[in-house]
$ cat start.cif   # mmCIF, N, CA and C atoms
data_work
#
loop_
_atom_site.group_PDB
_atom_site.id
_atom_site.type_symbol
_atom_site.label_atom_id
_atom_site.label_comp_id
_atom_site.auth_asym_id
_atom_site.auth_seq_id
_atom_site.Cartn_x
_atom_site.Cartn_y
_atom_site.Cartn_z
ATOM 1 N N MET A 1 181.638 127.069 117.954
ATOM 2 C CA MET A 1 180.205 127.186 117.881
ATOM 3 C C MET A 1 179.594 127.098 119.279
ATOM 4 N N GLU A 2 180.130 126.243 120.089
ATOM 5 C CA GLU A 2 179.621 126.077 121.441
ATOM 6 C C GLU A 2 179.803 127.353 122.262
ATOM 7 N N LYS A 3 180.809 128.129 121.884
ATOM 8 C CA LYS A 3 181.084 129.384 122.573
ATOM 9 C C LYS A 3 179.906 130.359 122.434
ATOM 10 N N TYR A 4 179.301 130.394 121.227
ATOM 11 C CA TYR A 4 178.214 131.324 120.968
ATOM 12 C C TYR A 4 176.846 130.750 121.317
ATOM 13 N N PHE A 5 176.650 129.464 121.079
ATOM 14 C CA PHE A 5 175.366 128.812 121.336
ATOM 15 C C PHE A 5 175.584 127.756 122.414
ATOM 16 N N GLY A 6 175.462 128.158 123.645
ATOM 17 C CA GLY A 6 175.744 127.256 124.758
ATOM 18 C C GLY A 6 174.577 126.344 125.070
ATOM 19 N N ASN A 7 174.650 125.708 126.228
ATOM 20 C CA ASN A 7 173.645 124.728 126.622
ATOM 21 C C ASN A 7 172.265 125.342 126.815
ATOM 22 N N ALA A 8 172.199 126.612 127.086
ATOM 23 C CA ALA A 8 170.886 127.234 127.255
ATOM 24 C C ALA A 8 170.078 127.176 125.969
ATOM 25 N N TYR A 9 170.761 127.116 124.820
ATOM 26 C CA TYR A 9 170.056 127.077 123.540
ATOM 27 C C TYR A 9 170.172 125.739 122.840
ATOM 28 N N ARG A 10 171.025 124.845 123.350
ATOM 29 C CA ARG A 10 171.263 123.614 122.627
ATOM 30 C C ARG A 10 171.221 122.427 123.570
ATOM 31 N N GLY A 11 170.190 121.616 123.460
ATOM 32 C CA GLY A 11 170.108 120.403 124.248
ATOM 33 C C GLY A 11 169.598 120.611 125.660
ATOM 34 N N ASP A 12 169.122 121.783 125.982
ATOM 35 C CA ASP A 12 168.598 122.039 127.314
ATOM 36 C C ASP A 12 167.209 121.414 127.421
ATOM 37 N N PRO A 13 166.973 120.499 128.360
ATOM 38 C CA PRO A 13 165.663 119.848 128.451
ATOM 39 C C PRO A 13 164.548 120.817 128.824
ATOM 40 N N GLY A 14 164.875 121.949 129.391
ATOM 41 C CA GLY A 14 163.852 122.921 129.745
ATOM 42 C C GLY A 14 163.333 123.704 128.562
ATOM 43 N N VAL A 15 164.050 123.667 127.434
ATOM 44 C CA VAL A 15 163.623 124.370 126.225
ATOM 45 C C VAL A 15 163.244 123.312 125.190
ATOM 46 N N PRO A 16 161.946 123.146 124.889
ATOM 47 C CA PRO A 16 161.515 122.027 124.046
ATOM 48 C C PRO A 16 162.051 122.057 122.617
ATOM 49 N N HIS A 17 162.367 123.207 122.078
ATOM 50 C CA HIS A 17 162.819 123.291 120.686
ATOM 51 C C HIS A 17 164.339 123.378 120.580
ATOM 52 N N ALA A 18 165.079 123.041 121.634
ATOM 53 C CA ALA A 18 166.516 123.272 121.623
ATOM 54 C C ALA A 18 167.348 122.005 121.475
ATOM 55 N N ASP A 19 166.730 120.879 121.086
ATOM 56 C CA ASP A 19 167.552 119.678 120.934
ATOM 57 C C ASP A 19 168.498 119.836 119.750
ATOM 58 N N PRO A 20 169.643 119.161 119.768
ATOM 59 C CA PRO A 20 170.668 119.385 118.733
ATOM 60 C C PRO A 20 170.194 119.132 117.303
ATOM 61 N N GLU A 21 169.323 118.148 117.094
ATOM 62 C CA GLU A 21 168.846 117.879 115.729
ATOM 63 C C GLU A 21 168.061 119.063 115.177
ATOM 64 N N ARG A 22 167.175 119.600 115.961
ATOM 65 C CA ARG A 22 166.383 120.743 115.497
ATOM 66 C C ARG A 22 167.266 121.966 115.286
ATOM 67 N N PHE A 23 168.266 122.125 116.112
ATOM 68 C CA PHE A 23 169.182 123.260 115.968
ATOM 69 C C PHE A 23 169.843 123.231 114.597
ATOM 70 N N VAL A 24 170.321 122.064 114.182
ATOM 71 C CA VAL A 24 170.972 121.933 112.876
ATOM 72 C C VAL A 24 169.949 122.091 111.756
ATOM 73 N N ASN A 25 168.765 121.498 111.915
ATOM 74 C CA ASN A 25 167.736 121.582 110.878
ATOM 75 C C ASN A 25 167.282 123.016 110.641
ATOM 76 N N ILE A 26 167.222 123.804 111.692
ATOM 77 C CA ILE A 26 166.825 125.206 111.522
ATOM 78 C C ILE A 26 167.854 125.939 110.672
ATOM 79 N N TRP A 27 169.128 125.690 110.929
ATOM 80 C CA TRP A 27 170.175 126.348 110.139
ATOM 81 C C TRP A 27 170.174 125.867 108.695
ATOM 82 N N ILE A 28 169.981 124.573 108.478
ATOM 83 C CA ILE A 28 169.929 124.042 107.107
ATOM 84 C C ILE A 28 168.728 124.624 106.367
ATOM 85 N N GLY A 29 167.580 124.663 107.041
ATOM 86 C CA GLY A 29 166.370 125.207 106.420
ATOM 87 C C GLY A 29 166.501 126.676 106.075
ATOM 88 N N SER A 30 167.088 127.434 106.981
ATOM 89 C CA SER A 30 167.236 128.868 106.697
ATOM 90 C C SER A 30 168.247 129.110 105.574
ATOM 91 N N ALA A 31 169.290 128.286 105.506
ATOM 92 C CA ALA A 31 170.258 128.417 104.413
ATOM 93 C C ALA A 31 169.613 128.054 103.076
ATOM 94 N N ALA A 32 168.793 126.990 103.072
ATOM 95 C CA ALA A 32 168.105 126.586 101.838
ATOM 96 C C ALA A 32 167.118 127.665 101.388
ATOM 97 N N PHE A 33 166.378 128.228 102.331
ATOM 98 C CA PHE A 33 165.429 129.290 101.990
ATOM 99 C C PHE A 33 166.154 130.509 101.436
ATOM 100 N N SER A 34 167.280 130.864 102.039
ATOM 101 C CA SER A 34 168.054 132.002 101.542
ATOM 102 C C SER A 34 168.554 131.753 100.124
ATOM 103 N N ALA A 35 169.002 130.523 99.856
ATOM 104 C CA ALA A 35 169.479 130.197 98.509
ATOM 105 C C ALA A 35 168.343 130.260 97.493
ATOM 106 N N LEU A 36 167.179 129.755 97.865
ATOM 107 C CA LEU A 36 166.034 129.779 96.947
ATOM 108 C C LEU A 36 165.580 131.207 96.656
ATOM 109 N N THR A 37 165.529 132.043 97.684
ATOM 110 C CA THR A 37 165.102 133.415 97.440
ATOM 111 C C THR A 37 166.175 134.221 96.710
ATOM 112 N N TRP A 38 167.408 133.805 96.799
ATOM 113 C CA TRP A 38 168.468 134.461 96.021
ATOM 114 C C TRP A 38 168.250 134.181 94.532
ATOM 115 N N VAL A 39 167.858 132.946 94.212
ATOM 116 C CA VAL A 39 167.624 132.551 92.819
ATOM 117 C C VAL A 39 166.316 133.153 92.310
ATOM 118 N N ASN A 40 165.256 133.093 93.135
ATOM 119 C CA ASN A 40 163.948 133.590 92.721
ATOM 120 C C ASN A 40 163.417 134.537 93.797
ATOM 121 N N PRO A 41 163.721 135.821 93.711
ATOM 122 C CA PRO A 41 163.316 136.741 94.778
ATOM 123 C C PRO A 41 161.808 136.935 94.887
ATOM 124 N N TYR A 42 161.048 136.551 93.865
ATOM 125 C CA TYR A 42 159.603 136.718 93.920
ATOM 126 C C TYR A 42 158.892 135.477 94.437
ATOM 127 N N MET A 43 159.641 134.488 94.910
ATOM 128 C CA MET A 43 159.025 133.251 95.382
ATOM 129 C C MET A 43 158.067 133.517 96.544
ATOM 130 N N TRP A 44 158.407 134.438 97.426
ATOM 131 C CA TRP A 44 157.572 134.695 98.593
ATOM 132 C C TRP A 44 156.230 135.291 98.205
ATOM 133 N N THR A 45 156.117 135.885 97.024
ATOM 134 C CA THR A 45 154.845 136.489 96.634
ATOM 135 C C THR A 45 153.831 135.453 96.202
ATOM 136 N N LEU A 46 154.265 134.233 95.945
ATOM 137 C CA LEU A 46 153.318 133.208 95.516
ATOM 138 C C LEU A 46 152.325 132.874 96.618
ATOM 139 N N SER A 47 152.725 133.048 97.869
ATOM 140 C CA SER A 47 151.822 132.762 98.977
ATOM 141 C C SER A 47 151.148 134.016 99.516
ATOM 142 N N ASN A 48 151.402 135.161 98.923
ATOM 143 C CA ASN A 48 150.815 136.405 99.390
ATOM 144 C C ASN A 48 149.349 136.446 98.980
ATOM 145 N N GLN A 49 148.453 136.582 99.951
ATOM 146 C CA GLN A 49 147.026 136.527 99.642
ATOM 147 C C GLN A 49 146.476 137.877 99.193
ATOM 148 N N PHE A 50 147.072 138.959 99.644
ATOM 149 C CA PHE A 50 146.541 140.277 99.335
ATOM 150 C C PHE A 50 147.543 141.020 98.471
ATOM 151 N N ASN A 51 147.290 141.060 97.174
ATOM 152 C CA ASN A 51 148.218 141.710 96.259
ATOM 153 C C ASN A 51 147.479 142.752 95.427
ATOM 154 N N TRP A 52 148.214 143.436 94.598
ATOM 155 C CA TRP A 52 147.655 144.525 93.801
ATOM 156 C C TRP A 52 146.550 144.035 92.873
ATOM 157 N N HIS A 53 146.769 142.906 92.243
ATOM 158 C CA HIS A 53 145.792 142.403 91.275
ATOM 159 C C HIS A 53 144.472 142.064 91.960
ATOM 160 N N ASP A 54 144.530 141.403 93.119
ATOM 161 C CA ASP A 54 143.306 141.059 93.839
ATOM 162 C C ASP A 54 142.544 142.314 94.262
ATOM 163 N N LYS A 55 143.253 143.305 94.732
ATOM 164 C CA LYS A 55 142.588 144.541 95.146
ATOM 165 C C LYS A 55 141.939 145.234 93.958
ATOM 166 N N ALA A 56 142.622 145.218 92.823
ATOM 167 C CA ALA A 56 142.055 145.837 91.625
ATOM 168 C C ALA A 56 140.800 145.101 91.165
ATOM 169 N N MET A 57 140.823 143.785 91.214
ATOM 170 C CA MET A 57 139.653 143.011 90.789
ATOM 171 C C MET A 57 138.491 143.182 91.778
ATOM 172 N N LEU A 58 138.790 143.282 93.080
ATOM 173 C CA LEU A 58 137.734 143.537 94.056
ATOM 174 C C LEU A 58 137.124 144.923 93.855
ATOM 175 N N PHE A 59 137.949 145.897 93.511
ATOM 176 C CA PHE A 59 137.462 147.239 93.207
ATOM 177 C C PHE A 59 136.494 147.193 92.026
ATOM 178 N N GLU A 60 136.904 146.481 90.981
ATOM 179 C CA GLU A 60 136.049 146.351 89.788
ATOM 180 C C GLU A 60 134.735 145.653 90.136
ATOM 181 N N GLN A 61 134.811 144.581 90.901
ATOM 182 C CA GLN A 61 133.609 143.832 91.246
ATOM 183 C C GLN A 61 132.640 144.675 92.077
ATOM 184 N N TYR A 62 133.181 145.434 93.023
ATOM 185 C CA TYR A 62 132.339 146.276 93.879
ATOM 186 C C TYR A 62 131.574 147.297 93.048
ATOM 187 N N HIS A 63 132.267 147.982 92.150
ATOM 188 C CA HIS A 63 131.608 149.018 91.348
ATOM 189 C C HIS A 63 130.662 148.423 90.305
ATOM 190 N N TRP A 64 131.001 147.240 89.791
ATOM 191 C CA TRP A 64 130.109 146.563 88.856
ATOM 192 C C TRP A 64 128.814 146.167 89.562
ATOM 193 N N LYS A 65 128.942 145.672 90.789
ATOM 194 C CA LYS A 65 127.767 145.264 91.566
ATOM 195 C C LYS A 65 126.866 146.467 91.861
ATOM 196 N N LYS A 66 127.480 147.603 92.227
ATOM 197 C CA LYS A 66 126.697 148.809 92.500
ATOM 198 C C LYS A 66 125.989 149.298 91.236
ATOM 199 N N ALA A 67 126.661 149.209 90.097
ATOM 200 C CA ALA A 67 126.037 149.629 88.836
ATOM 201 C C ALA A 67 124.881 148.701 88.474
ATOM 202 N N ARG A 68 125.031 147.401 88.727
ATOM 203 C CA ARG A 68 123.946 146.456 88.445
ATOM 204 C C ARG A 68 122.739 146.713 89.327
ATOM 205 N N GLU A 69 122.993 147.082 90.605
ATOM 206 C CA GLU A 69 121.865 147.390 91.495
ATOM 207 C C GLU A 69 121.077 148.591 90.996
ATOM 208 N N LYS A 70 121.780 149.565 90.404
ATOM 209 C CA LYS A 70 121.125 150.757 89.860
ATOM 210 C C LYS A 70 120.664 150.550 88.417
ATOM 211 N N LYS A 71 120.942 149.341 87.887
ATOM 212 C CA LYS A 71 120.587 148.985 86.505
ATOM 213 C C LYS A 71 121.243 149.929 85.503
ATOM 214 N N GLN A 72 122.520 150.213 85.750
ATOM 215 C CA GLN A 72 123.301 151.063 84.861
ATOM 216 C C GLN A 72 124.419 150.234 84.243
ATOM 217 N N PRO A 73 124.844 150.596 83.036
ATOM 218 C CA PRO A 73 125.969 149.866 82.432
ATOM 219 C C PRO A 73 127.281 150.230 83.134
ATOM 220 N N TYR A 74 128.202 149.292 83.141
ATOM 221 C CA TYR A 74 129.515 149.539 83.771
ATOM 222 C C TYR A 74 130.619 149.111 82.811
ATOM 223 N N LYS A 75 131.558 150.007 82.580
ATOM 224 C CA LYS A 75 132.715 149.683 81.738
ATOM 225 C C LYS A 75 133.880 149.327 82.647
ATOM 226 N N PHE A 76 134.397 148.138 82.470
ATOM 227 C CA PHE A 76 135.505 147.683 83.303
ATOM 228 C C PHE A 76 136.774 148.455 82.957
ATOM 229 N N GLN A 77 137.438 148.968 83.975
ATOM 230 C CA GLN A 77 138.647 149.751 83.759
ATOM 231 C C GLN A 77 139.787 148.891 83.221
ATOM 232 N N TRP A 78 139.787 147.605 83.591
ATOM 233 C CA TRP A 78 140.828 146.707 83.078
ATOM 234 C C TRP A 78 140.767 146.636 81.554
ATOM 235 N N ASN A 79 139.555 146.593 81.016
ATOM 236 C CA ASN A 79 139.381 146.513 79.564
ATOM 237 C C ASN A 79 139.679 147.840 78.875
ATOM 238 N N GLN A 80 139.632 148.932 79.598
ATOM 239 C CA GLN A 80 139.918 150.236 79.010
ATOM 240 C C GLN A 80 141.420 150.517 78.943
ATOM 241 N N MET A 81 142.212 149.701 79.627
ATOM 242 C CA MET A 81 143.669 149.873 79.571
ATOM 243 C C MET A 81 144.186 149.489 78.196
ATOM 244 N N ASP A 82 145.339 149.990 77.867
ATOM 245 C CA ASP A 82 145.958 149.671 76.592
ATOM 246 C C ASP A 82 146.215 148.164 76.486
ATOM 247 N N LYS A 83 146.001 147.583 75.316
ATOM 248 C CA LYS A 83 146.160 146.134 75.152
ATOM 249 C C LYS A 83 147.586 145.694 75.424
ATOM 250 N N ALA A 84 148.558 146.514 75.098
ATOM 251 C CA ALA A 84 149.954 146.159 75.365
ATOM 252 C C ALA A 84 150.216 146.042 76.861
ATOM 253 N N VAL A 85 149.599 146.925 77.640
ATOM 254 C CA VAL A 85 149.751 146.870 79.104
ATOM 255 C C VAL A 85 149.088 145.620 79.649
ATOM 256 N N ARG A 86 147.888 145.324 79.141
ATOM 257 C CA ARG A 86 147.185 144.121 79.619
ATOM 258 C C ARG A 86 147.959 142.857 79.274
ATOM 259 N N ASP A 87 148.514 142.797 78.079
ATOM 260 C CA ASP A 87 149.281 141.613 77.684
ATOM 261 C C ASP A 87 150.584 141.498 78.474
ATOM 262 N N SER A 88 151.202 142.633 78.777
ATOM 263 C CA SER A 88 152.459 142.583 79.516
ATOM 264 C C SER A 88 152.247 142.104 80.946
ATOM 265 N N TYR A 89 151.030 142.287 81.471
ATOM 266 C CA TYR A 89 150.738 141.812 82.829
ATOM 267 C C TYR A 89 150.992 140.311 82.940
ATOM 268 N N TYR A 90 150.590 139.557 81.923
ATOM 269 C CA TYR A 90 150.703 138.101 81.998
ATOM 270 C C TYR A 90 152.149 137.629 81.850
ATOM 271 N N PHE A 91 152.987 138.441 81.226
ATOM 272 C CA PHE A 91 154.395 138.058 81.085
ATOM 273 C C PHE A 91 155.245 138.599 82.230
ATOM 274 N N ASN A 92 154.865 139.758 82.762
ATOM 275 C CA ASN A 92 155.644 140.418 83.816
ATOM 276 C C ASN A 92 154.898 140.400 85.141
ATOM 277 N N TRP A 93 154.234 139.292 85.461
ATOM 278 C CA TRP A 93 153.398 139.259 86.658
ATOM 279 C C TRP A 93 154.150 139.545 87.950
ATOM 280 N N PRO A 94 155.456 139.253 88.109
ATOM 281 C CA PRO A 94 156.096 139.574 89.392
ATOM 282 C C PRO A 94 156.122 141.066 89.706
ATOM 283 N N VAL A 95 156.069 141.907 88.670
ATOM 284 C CA VAL A 95 156.064 143.344 88.893
ATOM 285 C C VAL A 95 154.764 143.765 89.588
ATOM 286 N N TYR A 96 153.680 143.075 89.286
ATOM 287 C CA TYR A 96 152.375 143.451 89.804
ATOM 288 C C TYR A 96 152.090 142.867 91.186
ATOM 289 N N PHE A 97 152.950 141.990 91.688
ATOM 290 C CA PHE A 97 152.721 141.371 92.984
ATOM 291 C C PHE A 97 153.804 141.824 93.957
ATOM 292 N N PRO A 98 153.594 142.961 94.612
ATOM 293 C CA PRO A 98 154.645 143.493 95.487
ATOM 294 C C PRO A 98 154.813 142.687 96.760
#

$ encode --input "start.cif" --output "structure tokens"
Amino acid sequence: MEKYFGNAYRGDPGVPHADPERFVNIWIGSAAFSALTWVNPYMWTLSNQFNWHDKAMLFEQYHWKKAREKKQPYKFQWNQMDKAVRDSYYFNWPVYFP
């Protein structure tokens, strides 16, 4: 191991993040993250702020607001979708969060 990761990367006082404890912790953390994403590949989408569903709801809100300003009725496209599709969204949510 020392052959590949020499003193320049491990324990060098000139590099603040290169002490031996942090070096091992980085490898343990990356191995744990890899194992977790292997088990649940959609785990990373839980922290994704901009997804398909949010964009669709913002689209609906924008057009609803414009229709209200013009005092016109607005039919939500989400409600016009087939009920089976709407119900499947709640069971198959990882498909909708790319």

$ atom_distance --input "start.cif" --atom1 "atom C of Trp78 of chain A" --atom2 "atom N of Pro41 of chain A"
28.1 Å

$ select_by_dssp --input "start.cif" --residues "segment 56-85 of chain A" --states "alpha helix (DSSP H)" --output "list in words"
Ala56, Met57, Leu58, Phe59, Glu60, Gln61, Tyr62, His63, Trp64, Lys65, Lys66, Ala67, Arg68, Glu69, Gln77, Trp78, Asn79, Gln80, Lys83, Ala84 and Val85 of chain A

$ residues_around --input "start.cif" --residues "segment 58-65 of chain A" --least-positions-apart "2" --cutoff "9 Å" --atoms "only C-alpha atoms" --output "list in words"
His53, Asp54, Lys55, Ala56, Ala67, Arg68, Glu69, Lys70, Pro73, Tyr74, Lys75, Phe76, Gln77 and Trp78 of chain A

$ write_last_selection --input "start.cif" --atoms "N, CA and C atoms" --output "JSON list (two decimals), in the coordinates of the input"
[["chain", "number", "residue", "atom", "x", "y", "z"],
["A", 53, "HIS", "N", 146.77, 142.91, 92.24],
["A", 53, "HIS", "CA", 145.79, 142.40, 91.28],
["A", 53, "HIS", "C", 144.47, 142.06, 91.96],
["A", 54, "ASP", "N", 144.53, 141.40, 93.12],
["A", 54, "ASP", "CA", 143.31, 141.06, 93.84],
["A", 54, "ASP", "C", 142.54, 142.31, 94.26],
["A", 55, "LYS", "N", 143.25, 143.30, 94.73],
["A", 55, "LYS", "CA", 142.59, 144.54, 95.15],
["A", 55, "LYS", "C", 141.94, 145.23, 93.96],
["A", 56, "ALA", "N", 142.62, 145.22, 92.82],
["A", 56, "ALA", "CA", 142.06, 145.84, 91.62],
["A", 56, "ALA", "C", 140.80, 145.10, 91.16],
["A", 67, "ALA", "N", 126.66, 149.21, 90.10],
["A", 67, "ALA", "CA", 126.04, 149.63, 88.84],
["A", 67, "ALA", "C", 124.88, 148.70, 88.47],
["A", 68, "ARG", "N", 125.03, 147.40, 88.73],
["A", 68, "ARG", "CA", 123.95, 146.46, 88.44],
["A", 68, "ARG", "C", 122.74, 146.71, 89.33],
["A", 69, "GLU", "N", 122.99, 147.08, 90.60],
["A", 69, "GLU", "CA", 121.86, 147.39, 91.50],
["A", 69, "GLU", "C", 121.08, 148.59, 91.00],
["A", 70, "LYS", "N", 121.78, 149.56, 90.40],
["A", 70, "LYS", "CA", 121.12, 150.76, 89.86],
["A", 70, "LYS", "C", 120.66, 150.55, 88.42],
["A", 73, "PRO", "N", 124.84, 150.60, 83.04],
["A", 73, "PRO", "CA", 125.97, 149.87, 82.43],
["A", 73, "PRO", "C", 127.28, 150.23, 83.13],
["A", 74, "TYR", "N", 128.20, 149.29, 83.14],
["A", 74, "TYR", "CA", 129.51, 149.54, 83.77],
["A", 74, "TYR", "C", 130.62, 149.11, 82.81],
["A", 75, "LYS", "N", 131.56, 150.01, 82.58],
["A", 75, "LYS", "CA", 132.72, 149.68, 81.74],
["A", 75, "LYS", "C", 133.88, 149.33, 82.65],
["A", 76, "PHE", "N", 134.40, 148.14, 82.47],
["A", 76, "PHE", "CA", 135.50, 147.68, 83.30],
["A", 76, "PHE", "C", 136.77, 148.46, 82.96],
["A", 77, "GLN", "N", 137.44, 148.97, 83.98],
["A", 77, "GLN", "CA", 138.65, 149.75, 83.76],
["A", 77, "GLN", "C", 139.79, 148.89, 83.22],
["A", 78, "TRP", "N", 139.79, 147.60, 83.59],
["A", 78, "TRP", "CA", 140.83, 146.71, 83.08],
["A", 78, "TRP", "C", 140.77, 146.64, 81.55]]

$ atom_distance --input "start.cif" --atom1 "atom C of Phe91 of chain A" --atom2 "atom C of Tyr42 of chain A"
13.1 Å
